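A quick write-up on the structure given underneath.
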Amino acid sequence: MTSITITEILDDLRAADETTRRFERRYWLSSADFYGLYMQGMLDDGEHTDDFAVWAAYYEIKLDREKDLQQLSRARLRLVKDQGQQGFVHITPPEPFLNVAPA
């Protein structure tokens, strides 16, 4: 199992978001709608295969990192709520990390 920091999660999300938005502008289609068509095998016309493979890969990264961020945030929220039962909540800035299984 490996660890990933919040900074790494957010950096991956930013890169994936920038890339998927570039494809959304190019093809006038949301990444979610594109991905549905892609997974059904409806877009392989040969002319844009490379674009579609990259777009799908970055969209999958985006989905994975959004899931990681949500998991990390929920864990942090539980900790903050536990502290809140004892009075004031102190949120400190040390960087949290998440243990993830290797891909």
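Each chain in the structure tokens gets a letter, A, B, ..., in the order shown, and its residues are numbered from 1; ligands are numbered from 1 in order too.
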
Which region 44-70 of chain A residues have any atom within 9 Å of an atom of region 16-24 of chain A, and for each, what is the nearest pair of atoms with distance in Å to one decimal, counting only C-alpha atoms, rows sorted by chain and number, as JSON lines?
```
{"residue": "A:Asp51", "atom": "CA", "partner": "A:Phe23", "partner_atom": "CA", "distance": 8.0}
{"residue": "A:Phe52", "atom": "CA", "partner": "A:Phe23", "partner_atom": "CA", "distance": 8.7}
{"residue": "A:Val54", "atom": "CA", "partner": "A:Thr19", "partner_atom": "CA", "distance": 8.8}
{"residue": "A:Trp55", "atom": "CA", "partner": "A:Thr20", "partner_atom": "CA", "distance": 6.0}
{"residue": "A:Ala56", "atom": "CA", "partner": "A:Thr20", "partner_atom": "CA", "distance": 8.5}
{"residue": "A:Ala57", "atom": "CA", "partner": "A:Ala16", "partner_atom": "CA", "distance": 8.9}
{"residue": "A:Tyr58", "atom": "CA", "partner": "A:Ala16", "partner_atom": "CA", "distance": 5.1}
{"residue": "A:Tyr59", "atom": "CA", "partner": "A:Thr20", "partner_atom": "CA", "distance": 6.4}
{"residue": "A:Glu60", "atom": "CA", "partner": "A:Ala16", "partner_atom": "CA", "distance": 8.7}
{"residue": "A:Ile61", "atom": "CA", "partner": "A:Ala16", "partner_atom": "CA", "distance": 6.5}
{"residue": "A:Lys62", "atom": "CA", "partner": "A:Ala16", "partner_atom": "CA", "distance": 5.5}
```

Output the selection as a short mmCIF file (atom, residue, chain, number, x, y, z; two decimals), in the first residue's frame - N, CA and C atoms for each residue.
```cif
data_model
loop_
_atom_site.label_atom_id
_atom_site.label_comp_id
_atom_site.auth_asym_id
_atom_site.auth_seq_id
_atom_site.Cartn_x
_atom_site.Cartn_y
_atom_site.Cartn_z
N ASP A 51 -6.76 10.94 -29.19
CA ASP A 51 -7.41 11.94 -28.35
C ASP A 51 -8.35 11.27 -27.36
N PHE A 52 -9.15 10.34 -27.85
CA PHE A 52 -10.15 9.71 -27.01
C PHE A 52 -9.50 8.87 -25.90
N VAL A 54 -6.57 9.42 -24.48
CA VAL A 54 -6.01 10.35 -23.49
C VAL A 54 -7.13 10.97 -22.67
N TRP A 55 -8.19 11.40 -23.33
CA TRP A 55 -9.32 12.01 -22.64
C TRP A 55 -9.91 11.03 -21.61
N ALA A 56 -10.13 9.80 -22.02
CA ALA A 56 -10.68 8.79 -21.12
C ALA A 56 -9.75 8.55 -19.93
N ALA A 57 -8.46 8.48 -20.19
CA ALA A 57 -7.49 8.23 -19.11
C ALA A 57 -7.50 9.37 -18.09
N TYR A 58 -7.51 10.60 -18.57
CA TYR A 58 -7.53 11.73 -17.63
C TYR A 58 -8.86 11.84 -16.90
N TYR A 59 -9.94 11.45 -17.55
CA TYR A 59 -11.23 11.46 -16.87
C TYR A 59 -11.25 10.41 -15.76
N GLU A 60 -10.66 9.26 -16.01
CA GLU A 60 -10.57 8.22 -14.99
C GLU A 60 -9.70 8.68 -13.81
N ILE A 61 -8.61 9.36 -14.11
CA ILE A 61 -7.76 9.92 -13.06
C ILE A 61 -8.58 10.91 -12.22
N LYS A 62 -9.32 11.75 -12.91
CA LYS A 62 -10.15 12.74 -12.21
C LYS A 62 -11.15 12.06 -11.28
#
```

- Message: DSSP on the backbone, helix (DSSP H, G or I) only: what residues of chain A does that give? Format it as number ranges by chain.
- Response: A: 6-27, 31-39, 49-84

Residue contacts of Ser73 (chain A) (10 Å, only C-alpha atoms) excluding same-chain residues fewer than 5 positions away, as a PyMOL selection string:
chain A and resi 6+67-68+78-79+96

For this session: Go through A:His48, A:Arg65, A:Lys81, A:Arg74 one by one, measure the shortest atom-to-atom distance of each to Ala15 (chain A) using only C-alpha atoms, and give the residue with the smallest value.
Result: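 Of all the options, A:Arg65 lies closest to Ala15 (chain A).
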
Worksheet item: Quick one: of A:Asp64, A:Asp45, A:Asp50, A:Asp82, who's nearest to Ala101 (chain A), counting only C-alpha atoms?
Response: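 Closest candidate: A:Asp64.
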
Note to self: I need the residues in chain A that are strand (DSSP E or B) according to DSSP; give them as a list in words.
What the structure shows: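 Filtering chain A down to strand (DSSP E or B) leaves Thr2, Ser3, Ile4, Thr5, Phe97, Leu98, Asn99 and Val100 of chain A.
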
With N, CA and C atoms kept, could you save the residues just selected as a compact mmCIF listing (two decimals), in the first residue's frame?
```txt
# COMPACT_ATOMS: atom_id res chain seq x y z
N THR A 2 0.50 2.23 -0.74
CA THR A 2 1.25 3.47 -0.81
C THR A 2 0.42 4.60 -0.20
N SER A 3 1.08 5.70 0.06
CA SER A 3 0.41 6.87 0.62
C SER A 3 0.38 7.98 -0.43
N ILE A 4 -0.69 8.75 -0.38
CA ILE A 4 -0.82 9.92 -1.25
C ILE A 4 -1.24 11.09 -0.39
N THR A 5 -0.60 12.22 -0.61
CA THR A 5 -0.91 13.41 0.18
C THR A 5 -2.03 14.21 -0.46
N PHE A 97 -2.58 12.52 4.65
CA PHE A 97 -2.32 11.62 3.53
C PHE A 97 -3.30 10.47 3.60
N LEU A 98 -3.41 9.76 2.51
CA LEU A 98 -4.33 8.64 2.38
C LEU A 98 -3.53 7.44 1.92
N ASN A 99 -3.71 6.30 2.56
CA ASN A 99 -3.09 5.07 2.07
C ASN A 99 -3.96 4.49 0.98
N VAL A 100 -3.38 4.26 -0.18
CA VAL A 100 -4.12 3.72 -1.32
C VAL A 100 -3.43 2.47 -1.83
```
